[in-house]
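Okay, structure first, notes after.
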Amino acid sequence: MSALPYADSKPLTYRVNLANPLDLKAYEAQDGYAALHKVVKEAPAEVTKAVKDANLRGRGGAGFPTGVKWGLVPMGADAPKNKYIVCNADEMEPGTFKDRLLMEGLPHQLVEAMIVSGYAIQATRGYIFLRGEYVVAAERLNKAVAEAKAAGYLGQNILGSGWNFELFVHTGAGRYICGEETALINSLEGRRANPRAKPPFPQIAGLWGKPTVVNNVETLSNVPHIVLRGGAWFQGLSQGKSKDAGTKLYGVSGRARKTGCWELPFGTSAREILEEHAGGMKDGLKLKCWLPGGASTDFLMPEHLDLAMDFDTIAKAGSRMGTGLLTVVDDKQNIVSVVRNLEEFFARESCGWCTPCRDGLPWTEKLLYALEQGQGREGDIQTLEQLTRFLGPGKTFCAHAPGAMEPLQSALKYFRAEFEAGIAKAPAQAAA
Amino acid sequence: MAIIHVDGKQYEVDGGDNLLHACLSLGLDIPYFCWHPELGSVGACRQCAVKAYRDANDKQGRIVMSCMTPSTDGTYISIGDEESKAFRASVVEWLMTNHPHDCPVCEEGGHCHLQDMTVMTGHATRRYRFTKRTHQNQYLGPFINHEMNRCISCYRCTRYYKDYAGGTDLGVYGTASNVYFGRETDGILESEFSGNLTEVCPTGVFTDKTHGDRYNRKWDMQFAPSICQGCAVGCNTSPGERYGEIRRIENRYNGAVNHYFLCDRGRFGYGFVNRKDRPRQPLVKRDGSFVALPPDEAVLHAANLLKSAKRVIGIGSPRASLEANFALRTLVGAENFFDGHSAAEGKLVQKAAKILSEGHVRIPSLRVIEQADAAFVLGEDVTNTAPRIALALRQTARGRQTTLARDKHIAEWQAAALADIGQHEKNPLYVASVDATRIDDIAAQTYRAAPEDIARLGFAVAHAIDATAPAVSGLDEASTALVKTIADGLLAADKPLVVSGTGTGLESVIDAAANVVRALQAKGKHVELSLVVPEVNSMGLALMQAAGLDQALEALKSGAADAVVVVENDLYRRAGKALVDAALKNAKVVVADHQMTDTAQQAEVVLSAASFAEGDGTVVNNEGRAQRYFQVYDATYYDPKVTIREAWYWLNDLRAQYSNVASEWKHFDDVSIACEQALPQLNGMVKAAPNAQFRMHGLKVAREPHRYSGRTAMRANISVHEPRASQDADTALAFSMEGHHGTEAGDRPSALIPFAWAPGWNSPQSWNKFQDEVGGHLRGGDAGVRLFEPQAHAAVKTYFDAIPAAFTAKAGEWRTVNLHHIFGGEELSARAAPVAERAPKPYVGLNPADADSLGIGANMLIDVALAGSAVRLPLRLLPTLPRGTVGLPLGVEGMAYAEAGATIKLSRVNAA
Amino acid sequence: MSTANTMESTQPIIKLADLPRQEPFVLHADDRAAIEHETHHYEDPRAATIEALKIVQHRHGWVPDGAIPAIGEVLGIPGSDVEGVATFYNLIFRRPVGRHVIKMCDSVSCFLTGYDDVKKAFSAKLGVELGQTTPDGRFTLLPICCLGACDKGPVLMIDQDTHFDIAPDHIDQLLEQYK
Ligand SMILES: Cc1cc2nc3c(=O)[nH]c(=O)nc-3n(C[C@H](O)[C@H](O)[C@H](O)COP(=O)(O)O)c2cc1C
Ligand code: SF4
Ligand code: FES
């Protein structure tokens, strides 16, 4: 257990109350909106600088430095009149359940984070792009927005700063791809959620062609704390476990004893997360492999458990930290079936824009299904391997298909025999 | 300029393009699907992958999409790299997982971009063994067939249809591997430019239904470079023939005029050529009905007929070539040669021709229209009178996106980014029209009024721009504000454009447009003026400066002339029936035409003239561009009885007999040259295309692809002895698969490209191989010769000042206004069944409030007293039609001739 | 009239009038008002498309064909754009569904914790496969992607309620709550 005071070791979650989240008054009583009161007295650039100094990296999966992202937004008198800050609350990465916790358990924190972050880029409006299934979060966020508005934290001339800002909770209608930030922008504009090409980056031309910043719920939630307590404090939160700063919402799902989500120092080891916090695998089960941070990350093996869960360490081991929530696969599972399940998901959730993803993923899924059924043919594994290469980064329009290939390529690497077992012994009939 | 390195070779390119564009322009082959020269890059299909290297030392490289990568200086790429080759083959393999293997029964086969690209990537064997997804198809109207299973989801169709052409009823539905391109529900595709889908779609999803019903492969068709006969824009076309029928019209690239796109009238309106009721042999009337005679006898008969007359006059035609009109003029003498437009229209067309040919104004090609940054459309309903201009004006409006993107350093080819940045931003388009138009959706301002008020608006705008232009008094407040908006908008533009024309039937509308242009010139603006004239050769005929049709009809009616030769013209479309009847009643009438018109029915001799498909000719478009169309096929080959000849040829023969002179012109070039010599204003027309002596490397240009099949058998039902192929003494083209082909495309004069084909490129995308730069100009120069170019510093300082009085509705009197229809409003295309299916039935249009005042409702019948004849027509309510005017659909089958601007009476039909 | 470009051919073609008619659809005044209200949240009314579809779906249980052009008209966009959106997102139903919609998470964590068994149990109990509606119109069974409650899998939603830690033997009791 950490030596830091509770509020300092778990800044994001110490006020979380899932049953009965803090209302405005209660939140204000616990430092709520203090960051907002502070920033409006500072220049917007100060906020961005604080975030940069804190070395906050995006919690949406890619780990992009948030301050750098904000720094690209045009500022000053020549900047476009409308600018937007968008919270990516589309949480749909299989195995990920952290943003729900923050939004259901402490909606005001996100609302304040949106306002403070919006101030930094001098946004005119903010949108929380919330997945449609998060009914409770929608209700609680809407209530928090209404309360904030009534308190003068939203609207015209906020706290006398001369800055006007409105915030809306926009609920989606499904589709994983909406989480990809440019697809999200299209979806928010009321279009089909096909991703957009970059450049132009959203910071230059995003929502309705205007400068737009998209950040994850967890990323943004850190901002008020950084503003209040500073970069050095934030760096200290990881307690030397990682050069990445802050805390991280880690979690475990799968057949472990006490699955759940915990705020821990950045760089906590996977073993600590699984064994101490989740209590290890369920009785009689052994860990076969694990996804470090969602369906679109490469499998790691039990021998990787001691690695620090941070962006660079996990990348070095051949995977990605992704969202940081572990999915553990037990030894009773056939890896071909697990990967088939994953690819079925990715094939179904392809936006249908680019060829490799739209047509390559269904083929992948069908090959895996054949192998799962023992109907595989010679060459199927080679075809799968070729698919993992040709659906990789840079070859598809967005990162969806490359993400889909990560679990497959690692499964082929670690468990090839299980795939080979799916090849039919006698040559399958010359069917279809 | 930039140096790029491709597979170890250095090339100099315009660094502003993407790599795909640059490489294709260099003649290098990279397969692609979602990219299109007119639609830009979106990076969806991933077919155009190449290997990019950081520098000369980078051996690893990474795969990039060439369409999404700028061709900046110092770029190193490889097209031939093994990994990128394998990747490109994989892309086709993925597409093929769902694409049916139906090439043998697919209409796209043989001119299919997907086939071409599949062969190019080398993907040949099938590994995918699972089921394919299937879709249901939709009924999309008489023009286009839908076969969704062939879709490869390149998104070109919706990008063309919605983003480029402004259509609203074709979309993309579904997600993942189940995306569907079609309408929301079955029904006719609404865009007037839907036919381009057949060429934009890289596979056989959208195919030409009119061709499907009488299908053959592209390689089995005979083609000629041709000019669309549908309106005065003169889009370049490539009609294909088999067995003596035109089977399809495809776009023929012209970098200045239509480039990749046609309108649906032009593409689907060819059926008049194939009609069984055409005169295919010369006909002479015996006892009230026609009998076919051998050509010599018919000509002799006609000559004798004319000889027996005391004065023979000739009536030319705006739908006939310069050569046909000139041959007629030569036959009857210049003083007896009359304009074939209606009298009112003729005056307007001559006015337009005068303004344009005087050399004071710049006249834009379609390409230049697209580059304007503000446009004022004064009175003309371009979608219906010169459709391709409407499509060009959409690009004018869209050009604003490019400007905005440029400010953000986004290249023009980044199609999706342009749209995202531009969103609703448009260059300003001001549309003043009688009734609502189909480009109102992109207009910054619309103004709907009677033609007089449209003219007044124009005059007022000119005055607002330059105070020395005559002022308009008595404008209301709203109009005054609008005038200021338009004037300011045009003045603020770098490249303003004014579009007007003869469509309203009111000369002062053209005057007003000219004044706006002159005022802008006075302010130092680089302004373009496009004037729409009604028909394919209206401009050419106007330049011949013949006297008006009213004089011809009067001379016949009064007996001052007692014989008339009419060339390719149905006079009943040009004047009231009573007048034409009276004129023709006592006259000896000879008609040369390819359609059995009401006028031809009145003739004593009908000479079976060639349509554009059976003859050569030169026409002048509204831009003043002389363009040549070439005979597509020899009708006699399939039926020796058929005697179809160009009108000039008949008239030349007739002249020899009639005037007892030696036949002067043996070949097409002879008459063309004679015409140019006789009429200096047509100087340049001969150069519209190379003459008959022209050869490519000693060869004539083949009209047939070199895989043309069945030649030896195609006449076997007539005779097993295969005749010698027809010879074409008139042009540099051959009725043969032998001759010069598309292979060495570059050095071929563009006017002599019958069809688009290059090795490995069978689809219309092969135009890439003929262009100096993809989507640019043809390497042989864009076809056609502009007869008039503006002279430097020639701006006129004077203004037109005949400002009409404001229109006021008067009780019981109705001002007729023309309503134009792309389908049905043009004589020839209306004779094609699929177009006729889209044509309106005769009607009268009234503002609902006016209809109320008459006590009538929609579809009820009204009696209309028109130029002497009374007709009974159903009412169409037109909420945007000005009060006090009555709209009459111009030229629609079953509508009597009506003059715009006439005052007529209307009365409700009492229930009998 | 024929589609052939010769006047003679007489093959029958489908006429618009012969095609099945859409049911008349009238956008409820409240829904129209609600949609119009939504448009004020955005720079461009188009952005309210998804919300508009949800508003209609809330009233009808699904989005009837006629609603597509009706929504387009309120938002000033073509019906084909509305349909493009309606058919993209999985929470918009373009076919009638049962009174209650069961959305079963079939993503990896739920898959690992027993999705297959739960799905089989539902299918057996309701007599329908995924994508189908029970004959009595009470339930539609659909798959859905990760519901963000992976630590409590298998997870499913029935209408707006999320249910956690589902086991095959809970099903009867669970369904009882939805009449
Ligand atoms: C297919 C796909 C799905 C994604 N889904 C999510 C998501 O649900 N939530 C999220 O925050 N980021 C998601 N992302 C990442 C976003 O694109 C983007 O990187 C992130 O929102 C940026 O926020 P951050 O910088 O705060 O991490 C997804 C990316 C891809 C390629
Ligand atoms: S990889 Fe391509 S098809 Fe897949 S989600 Fe991204 S853009 Fe869409
Ligand atoms: S042509 Fe480049 S991705 Fe389609």
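FYI, nothing fancy with the structure tokens labels: chains A, B, ... in order, residues from 1 per chain, ligands from 1 as they appear.
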Contacts of chain C with chain A up to 9 Å, shortest pair per row, only C-alpha atoms, as JSON lines:
{"residue": "C:His41", "atom": "CA", "partner": "A:Phe168", "partner_atom": "CA", "distance": 7.2}
{"residue": "C:Tyr42", "atom": "CA", "partner": "A:Glu189", "partner_atom": "CA", "distance": 8.2}
{"residue": "C:Glu43", "atom": "CA", "partner": "A:Trp208", "partner_atom": "CA", "distance": 7.4}
{"residue": "C:Asp44", "atom": "CA", "partner": "A:Glu189", "partner_atom": "CA", "distance": 7.4}
{"residue": "C:Pro45", "atom": "CA", "partner": "A:Gly190", "partner_atom": "CA", "distance": 8.5}
{"residue": "C:Arg46", "atom": "CA", "partner": "A:Gly190", "partner_atom": "CA", "distance": 5.4}
{"residue": "C:Ala47", "atom": "CA", "partner": "A:Gly190", "partner_atom": "CA", "distance": 3.9}
{"residue": "C:Ala48", "atom": "CA", "partner": "A:Gly190", "partner_atom": "CA", "distance": 6.1}
{"residue": "C:Thr49", "atom": "CA", "partner": "A:Gly190", "partner_atom": "CA", "distance": 5.2}
{"residue": "C:Ile50", "atom": "CA", "partner": "A:Gly190", "partner_atom": "CA", "distance": 6.2}
{"residue": "C:Glu51", "atom": "CA", "partner": "A:Thr171", "partner_atom": "CA", "distance": 7.8}
{"residue": "C:Lys54", "atom": "CA", "partner": "A:Ala173", "partner_atom": "CA", "distance": 8.1}
{"residue": "C:Asp81", "atom": "CA", "partner": "A:Arg191", "partner_atom": "CA", "distance": 7.7}
{"residue": "C:Val82", "atom": "CA", "partner": "A:Arg191", "partner_atom": "CA", "distance": 8.4}
{"residue": "C:Gly84", "atom": "CA", "partner": "A:Arg192", "partner_atom": "CA", "distance": 6.7}
{"residue": "C:Val85", "atom": "CA", "partner": "A:Arg192", "partner_atom": "CA", "distance": 5.3}
{"residue": "C:Ala86", "atom": "CA", "partner": "A:Arg192", "partner_atom": "CA", "distance": 8.7}
{"residue": "C:Thr87", "atom": "CA", "partner": "A:Arg192", "partner_atom": "CA", "distance": 8.9}
{"residue": "C:Phe88", "atom": "CA", "partner": "A:Arg192", "partner_atom": "CA", "distance": 6.3}
{"residue": "C:Tyr89", "atom": "CA", "partner": "A:Gly174", "partner_atom": "CA", "distance": 5.3}
{"residue": "C:Asn90", "atom": "CA", "partner": "A:Gly174", "partner_atom": "CA", "distance": 5.3}
{"residue": "C:Leu91", "atom": "CA", "partner": "A:Ala173", "partner_atom": "CA", "distance": 4.9}
{"residue": "C:Ile92", "atom": "CA", "partner": "A:Ala173", "partner_atom": "CA", "distance": 6.6}
{"residue": "C:Asp106", "atom": "CA", "partner": "A:Asn341", "partner_atom": "CA", "distance": 8.0}
{"residue": "C:Ser107", "atom": "CA", "partner": "A:Pro94", "partner_atom": "CA", "distance": 5.8}
{"residue": "C:Val108", "atom": "CA", "partner": "A:Pro94", "partner_atom": "CA", "distance": 6.1}
{"residue": "C:Ser109", "atom": "CA", "partner": "A:Gly254", "partner_atom": "CA", "distance": 5.3}
{"residue": "C:Cys110", "atom": "CA", "partner": "A:Gly254", "partner_atom": "CA", "distance": 7.5}
{"residue": "C:Phe111", "atom": "CA", "partner": "A:Asn341", "partner_atom": "CA", "distance": 7.5}
{"residue": "C:Leu112", "atom": "CA", "partner": "A:Gly254", "partner_atom": "CA", "distance": 5.8}
{"residue": "C:Thr113", "atom": "CA", "partner": "A:Gly254", "partner_atom": "CA", "distance": 6.0}
{"residue": "C:Ile144", "atom": "CA", "partner": "A:Gly174", "partner_atom": "CA", "distance": 8.7}
{"residue": "C:Cys145", "atom": "CA", "partner": "A:Met92", "partner_atom": "CA", "distance": 7.0}
{"residue": "C:Cys146", "atom": "CA", "partner": "A:Pro94", "partner_atom": "CA", "distance": 5.0}
{"residue": "C:Leu147", "atom": "CA", "partner": "A:Met92", "partner_atom": "CA", "distance": 6.7}
{"residue": "C:Gly148", "atom": "CA", "partner": "A:Phe97", "partner_atom": "CA", "distance": 4.3}
{"residue": "C:Ala149", "atom": "CA", "partner": "A:Phe97", "partner_atom": "CA", "distance": 5.4}
{"residue": "C:Cys150", "atom": "CA", "partner": "A:Gly95", "partner_atom": "CA", "distance": 5.5}
{"residue": "C:Asp151", "atom": "CA", "partner": "A:Ser253", "partner_atom": "CA", "distance": 4.6}
{"residue": "C:Lys152", "atom": "CA", "partner": "A:Thr259", "partner_atom": "CA", "distance": 7.4}
{"residue": "C:Gly153", "atom": "CA", "partner": "A:Gly254", "partner_atom": "CA", "distance": 8.0}
{"residue": "C:Met157", "atom": "CA", "partner": "A:Glu133", "partner_atom": "CA", "distance": 8.3}
{"residue": "C:Gln160", "atom": "CA", "partner": "A:Val135", "partner_atom": "CA", "distance": 6.7}
{"residue": "C:Asp161", "atom": "CA", "partner": "A:Val135", "partner_atom": "CA", "distance": 8.0}
{"residue": "C:Thr162", "atom": "CA", "partner": "A:Glu133", "partner_atom": "CA", "distance": 8.6}
Can you check which residues of chain B have any atom within 9 Å of chain C? Use only C-alpha atoms and format it as number ranges by chain.
B: 139, 141-143, 168-176, 179, 182-184, 186-188, 209-214, 246-247, 268-276, 831-837
How would the residues just picked look written out with C-alpha atoms as a tab-separated table (two decimals), in the first residue's frame?
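Result went into result.tsv, see below:
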chain	number	residue	atom	x	y	z
B	139	TYR	CA	-34.98	-0.54	-59.87
B	141	GLY	CA	-35.33	3.96	-63.67
B	142	PRO	CA	-34.96	3.56	-67.42
B	143	PHE	CA	-31.31	4.56	-67.63
B	168	THR	CA	-29.37	13.47	-52.98
B	169	ASP	CA	-30.92	10.11	-53.64
B	170	LEU	CA	-27.96	7.76	-53.82
B	171	GLY	CA	-26.35	6.84	-50.56
B	172	VAL	CA	-24.30	4.30	-48.71
B	173	TYR	CA	-25.93	2.11	-46.12
B	174	GLY	CA	-24.85	-0.55	-43.66
B	175	THR	CA	-21.37	-1.18	-42.31
B	176	ALA	CA	-18.51	-3.62	-42.22
B	179	VAL	CA	-22.18	-1.84	-47.23
B	182	GLY	CA	-28.22	2.63	-53.77
B	183	ARG	CA	-31.32	4.64	-53.23
B	184	GLU	CA	-33.25	4.67	-50.00
B	186	ASP	CA	-36.40	1.64	-55.43
B	187	GLY	CA	-37.08	4.44	-57.87
B	188	ILE	CA	-35.71	6.60	-60.61
B	209	LYS	CA	-29.62	-0.12	-69.11
B	210	THR	CA	-30.27	1.17	-72.61
B	211	HIS	CA	-27.22	-0.79	-73.70
B	212	GLY	CA	-28.08	-3.81	-71.60
B	213	ASP	CA	-31.21	-4.40	-73.59
B	214	ARG	CA	-29.19	-4.62	-76.81
B	246	ILE	CA	-26.05	2.65	-81.90
B	247	ARG	CA	-25.74	0.58	-78.76
B	268	PHE	CA	-29.23	8.03	-73.14
B	269	GLY	CA	-30.89	10.02	-75.89
B	270	TYR	CA	-29.37	8.29	-78.91
B	271	GLY	CA	-32.38	6.07	-79.67
B	272	PHE	CA	-33.62	8.34	-82.45
B	273	VAL	CA	-30.83	6.94	-84.59
B	274	ASN	CA	-32.23	3.43	-84.28
B	275	ARG	CA	-35.87	4.19	-84.91
B	276	LYS	CA	-37.48	1.96	-87.45
B	831	ARG	CA	-37.51	10.35	-79.77
B	832	ALA	CA	-35.49	7.85	-77.72
B	833	ALA	CA	-37.73	5.61	-75.65
B	834	PRO	CA	-35.89	5.84	-72.33
B	835	VAL	CA	-35.81	9.62	-72.52
B	836	ALA	CA	-39.44	9.75	-73.60
B	837	GLU	CA	-40.23	7.75	-70.47
Residues near region 493-499 of chain B, cut-off 7 Å, only C-alpha atoms, skip fewer than 3 positions along chain, as a ChimeraX atom specification
/B:372-378,489-490,513,517,526-531
Deliver the residues from the most recent selection as a file, using C-alpha atoms, as an mmCIF file, in the first residue's frame.
data_model
loop_
_atom_site.group_PDB
_atom_site.id
_atom_site.type_symbol
_atom_site.label_atom_id
_atom_site.label_comp_id
_atom_site.auth_asym_id
_atom_site.auth_seq_id
_atom_site.Cartn_x
_atom_site.Cartn_y
_atom_site.Cartn_z
ATOM 1 C CA ALA B 372 -14.684 30.764 -61.439
ATOM 2 C CA ASP B 373 -15.099 31.936 -57.868
ATOM 3 C CA ALA B 374 -18.460 33.678 -58.220
ATOM 4 C CA ALA B 375 -21.188 33.253 -60.773
ATOM 5 C CA PHE B 376 -24.287 35.122 -61.772
ATOM 6 C CA VAL B 377 -26.789 33.017 -63.690
ATOM 7 C CA LEU B 378 -29.165 35.401 -65.351
ATOM 8 C CA GLY B 489 -20.184 39.445 -54.674
ATOM 9 C CA LEU B 490 -19.032 39.694 -58.261
ATOM 10 C CA ALA B 513 -25.852 39.928 -68.967
ATOM 11 C CA VAL B 517 -19.784 41.756 -67.996
ATOM 12 C CA HIS B 526 -11.195 39.278 -65.402
ATOM 13 C CA VAL B 527 -14.752 38.171 -66.137
ATOM 14 C CA GLU B 528 -16.102 35.388 -68.308
ATOM 15 C CA LEU B 529 -19.405 35.338 -70.161
ATOM 16 C CA SER B 530 -21.140 32.127 -71.105
ATOM 17 C CA LEU B 531 -24.253 32.473 -73.227
#
Counting only C-alpha atoms, what is within 12 Å of region 102-104 of chain C, bar same-chain residues fewer than 2 positions away, as an MDAnalysis selection string?
(chainID A and resid 133 174) or (chainID C and resid 90:91 97:100 106:107 110:111 114:123 126 128:134 138:147 153:166 171 174:175 178)
From the list B:Ala302, B:Lys408, B:His123, B:Gly40, which residue is nearest chain A when using only C-alpha atoms?
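Counting only C-alpha atoms, the residue closest to chain A is B:Lys408.
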Interatomic distance, CA of Cys106 (chain B) to CA of Arg707 (chain B) (Å, one decimal)
18.2 Å
Residues within 12 Å of region 6-12 of chain A, please, as number ranges by chain. Count only C-alpha atoms; anything in the same chain fewer than 6 positions from it doesn't count.
A: 30-32, 98-99, 101-103, 105-110, 113, 217-226, 228-229, 233-239, 246-250, 262-266
Check the smallest atom-to-atom distance from each of A:Arg196, A:Arg320, A:Thr388, A:Gly284 to chain B using only C-alpha atoms, then report the winner.
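Answer, going by the shortest atom-to-atom distance: A:Arg196.
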Which residues are near ligand 2 - at most 10 Å, using only C-alpha atoms and all ligand atoms? Format: as a ChimeraX atom specification.
/A:176-178,180,183,193-197,346-361,391-404 /B:43-46,175-177
For those residues, write C-alpha atoms to a file as a PDB file, in the first residue's frame.
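Contents of the output file out_12.pdb:
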ATOM      1  CA  TYR A 176     -16.836   0.430 -31.644  1.00  0.00           C
ATOM      2  CA  ILE A 177     -15.239   2.480 -34.395  1.00  0.00           C
ATOM      3  CA  CYS A 178     -16.827   5.613 -32.921  1.00  0.00           C
ATOM      4  CA  GLU A 180     -11.449   6.228 -33.080  1.00  0.00           C
ATOM      5  CA  ALA A 183     -14.609   8.539 -36.731  1.00  0.00           C
ATOM      6  CA  ALA A 193     -18.493   6.866 -38.389  1.00  0.00           C
ATOM      7  CA  ASN A 194     -15.802   6.387 -40.997  1.00  0.00           C
ATOM      8  CA  PRO A 195     -12.459   7.683 -39.825  1.00  0.00           C
ATOM      9  CA  ARG A 196     -10.916  10.697 -41.490  1.00  0.00           C
ATOM     10  CA  ALA A 197      -7.503  10.911 -43.034  1.00  0.00           C
ATOM     11  CA  PHE A 346     -13.397  -6.760 -35.162  1.00  0.00           C
ATOM     12  CA  ALA A 347     -14.961  -7.968 -38.415  1.00  0.00           C
ATOM     13  CA  ARG A 348     -18.388  -6.920 -37.258  1.00  0.00           C
ATOM     14  CA  GLU A 349     -17.182  -3.551 -36.011  1.00  0.00           C
ATOM     15  CA  SER A 350     -15.228  -2.615 -39.137  1.00  0.00           C
ATOM     16  CA  CYS A 351     -16.607   0.600 -40.509  1.00  0.00           C
ATOM     17  CA  GLY A 352     -16.506  -0.783 -44.045  1.00  0.00           C
ATOM     18  CA  TRP A 353     -14.361   1.986 -45.465  1.00  0.00           C
ATOM     19  CA  CYS A 354     -11.113   0.338 -46.460  1.00  0.00           C
ATOM     20  CA  THR A 355     -10.663  -2.960 -48.241  1.00  0.00           C
ATOM     21  CA  PRO A 356      -8.203  -4.843 -46.022  1.00  0.00           C
ATOM     22  CA  CYS A 357     -10.336  -4.373 -42.954  1.00  0.00           C
ATOM     23  CA  ARG A 358     -13.768  -4.673 -44.552  1.00  0.00           C
ATOM     24  CA  ASP A 359     -12.991  -7.812 -46.529  1.00  0.00           C
ATOM     25  CA  GLY A 360      -9.874  -9.148 -44.831  1.00  0.00           C
ATOM     26  CA  LEU A 361     -11.358  -9.406 -41.338  1.00  0.00           C
ATOM     27  CA  LEU A 391      -3.746  -5.660 -42.205  1.00  0.00           C
ATOM     28  CA  GLY A 392      -0.986  -4.094 -40.199  1.00  0.00           C
ATOM     29  CA  PRO A 393      -0.190  -0.468 -39.414  1.00  0.00           C
ATOM     30  CA  GLY A 394      -0.073   1.902 -42.372  1.00  0.00           C
ATOM     31  CA  LYS A 395      -1.731  -0.543 -44.698  1.00  0.00           C
ATOM     32  CA  THR A 396      -5.252   0.131 -43.554  1.00  0.00           C
ATOM     33  CA  PHE A 397      -6.980   3.465 -43.265  1.00  0.00           C
ATOM     34  CA  CYS A 398      -7.118   3.553 -39.478  1.00  0.00           C
ATOM     35  CA  ALA A 399      -5.837   1.564 -36.538  1.00  0.00           C
ATOM     36  CA  HIS A 400      -8.880  -0.703 -36.258  1.00  0.00           C
ATOM     37  CA  ALA A 401      -7.620  -3.536 -38.434  1.00  0.00           C
ATOM     38  CA  PRO A 402      -4.041  -3.361 -37.174  1.00  0.00           C
ATOM     39  CA  GLY A 403      -5.499  -3.580 -33.678  1.00  0.00           C
ATOM     40  CA  ALA A 404      -7.451  -6.627 -34.737  1.00  0.00           C
TER      41      ALA A 404
ATOM     42  CA  GLY B  43      -7.539   6.373 -49.399  1.00  0.00           C
ATOM     43  CA  ALA B  44     -10.331   3.838 -49.028  1.00  0.00           C
ATOM     44  CA  CYS B  45      -9.479   0.996 -51.373  1.00  0.00           C
ATOM     45  CA  ARG B  46      -5.775   0.622 -50.487  1.00  0.00           C
ATOM     46  CA  THR B 175     -21.372  -1.180 -42.306  1.00  0.00           C
ATOM     47  CA  ALA B 176     -18.514  -3.621 -42.219  1.00  0.00           C
ATOM     48  CA  SER B 177     -18.559  -6.101 -45.092  1.00  0.00           C
TER      49      SER B 177
END
Step by step, measure atom-to-atom distances between ligand 3 and each residue using only C-alpha atoms and all ligand atoms, keep those at most 8 Å, then write them as a list in words.
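With only C-alpha atoms and all ligand atoms and a cut-off of 8 Å, ligand 3 is contacted by Cys354 of chain A; Leu20, Pro31, Tyr32, Phe33, Cys34, Trp35, His36, Ser41, Val42, Gly43, Ala44, Cys45, Arg46, Gln47, Cys48, Ala49, Met65, Ser66, Cys67, Met68 and Cys154 of chain B.
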Spatial neighbours of Met75 (chain A), max dist 9 Å, only C-alpha atoms, sep filter under 3 positions, as an MDAnalysis selection string:
chainID A and resid 45 71:72 78:80 121:122
Could you tell me how far CA of Thr48 (chain A) lies from atom 1 (C, counted along the ligand's line) of ligand 1, in Å and to one decimal?
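Between CA of Thr48 (chain A) and atom 1 (C, counted along the ligand's line) of ligand 1 the gap is 26.9 Å.
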Under the rule that only C-alpha atoms are counted, which of B:Ile421, B:Val368, B:Val284, B:Leu140 is the nearest residue to chain A?
B:Ile421
Those in region 32-142 of chain A with alpha helix (DSSP H) from DSSP, as JSON, numbers by chain:
{"A": [34, 35, 36, 37, 38, 39, 44, 45, 46, 47, 48, 49, 50, 51, 52, 53, 54, 66, 67, 68, 69, 70, 71, 99, 100, 101, 102, 103, 104, 105, 107, 108, 109, 110, 111, 112, 113, 114, 115, 116, 117, 118, 119, 120, 121, 135, 136, 137, 138, 139, 140, 141, 142]}
Go through A:Gly267, A:Gly324, A:Pro362, A:Pro407 one by one, measure the shortest atom-to-atom distance of each to chain B using only C-alpha atoms, and give the residue with the smallest value.
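Comparing A:Gly267, A:Gly324, A:Pro362, A:Pro407 against chain B, the winner is A:Pro362.
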With only C-alpha atoms as the counted atoms, please give the residues lying no more than 9 Å from Pro302 (chain A), apart from itself and same-chain residues fewer than 3 positions off, as a list in words.
Arg271, Leu287, Lys288, Cys289, Trp290, Leu305 and Asp306 of chain A
At what distance in Å, to one decimal, does CA of Asn325 (chain B) lie from CA of Lys577 (chain B)?
23.7 Å
Using only C-alpha atoms, find the one residue out of B:Asp407, B:Asn196, B:Gln138, B:Leu262 that sits nearest to chain A.
B:Asp407
Rank nothing, just name the residue among A:Gly230, A:Glu147, A:Leu300, A:Lys210 nearest to chain B, using only C-alpha atoms.
A:Lys210
